[in-house]
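Heads up: the structure comes next, in structure tokens.
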Amino acid sequence: MNTLKVGDKVPSFKVNDQDGNAISLSDYFGKKLVVFFYPKASTPGCTAEACDLRDHYKELQSAGFSLLGVSADSEKRQKNFKEKYEFPFPLLADQEKEVINAFGVWGEKKFMGKIYDGIHRKTFIVNGDGVVERVIDKVKTKVHASQILE
């Protein structure tokens with residue numbers, strides 16, 4: 001797993017969101033972008049994290065941030081997740097792991113003694129030039145917005 005670090009340029013990507021709209025990195029040039037990766041839509045930790053970001057969305061916007069959630073779920077799953085919790089930001093359905101691999105968040109995980117490959121819950125703050133400014137490795141799902149805003 002070769003995770004992007006501070007100072008790395010984000011490789012360009014183009015992946016569909018929950019509604020089938022193609023979203024690419026270039027859509028966010030000139031803006032501060034928060035890209036948060038989560039293992040699976042509608043699971044407890046991922047729901048807590050995305051709901052916290054939703055609840056503090058105005059503060060994040062005031063600080064100049066655009067948000068993009070990414071997992072390997074299908075468009076349909078992402079759409080259900082977004083509609084159920086009324087998220088004001090797009091969720092990428094990265095089934096081919098294009099963005100996931102570009103950021104290097106796919107890799108070995110351990111859970112209850114089992115080892116498997118999956119998405120690591122990480123958040124990247126990318127500047128308007130497409131360069132990583134910050135990486136949040138230890139995401140606190142219930143207070144994630146405050147981690148971004150600190």
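Chain labels run A, B, ... following the order of the structure tokens; each chain numbers its residues from 1, and ligands are numbered from 1 in the order shown.
Residues in contact range of segment 137-150 of chain A, defined as at most 7 Å between only C-alpha atoms, with sequence neighbours fewer than 4 positions away removed, read Gly45, Ala48, Glu49, Asp52, Leu53, His56, Arg121, Lys122 and Thr123 of chain A.
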*Using only C-alpha atoms: which of A:Tyr28, A:Phe13, A:Phe36, A:Trp106 has the shortest distance to Arg134 of chain A*: A:Phe36
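If you measure from each of A:Ser12, A:Met112, A:Phe89, A:Ala22 to Asp55 of chain A using only C-alpha atoms, the closest one turns out to be A:Phe89.
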*Where in segment 2-124 of chain A does DSSP assign strand (DSSP E), given as a ChimeraX atom specification?*
/A:14-16,22-24,32-37,65-71,91-93,106-111,114-119,123-124
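Within the 8 Å cut-off around Gln95 of chain A, using only C-alpha atoms and omitting residues fewer than 2 positions from it on the same chain, the listed residues are Ser71, Ala72, Asp73, Ser74, Ala93, Lys97 and Glu98 of chain A.
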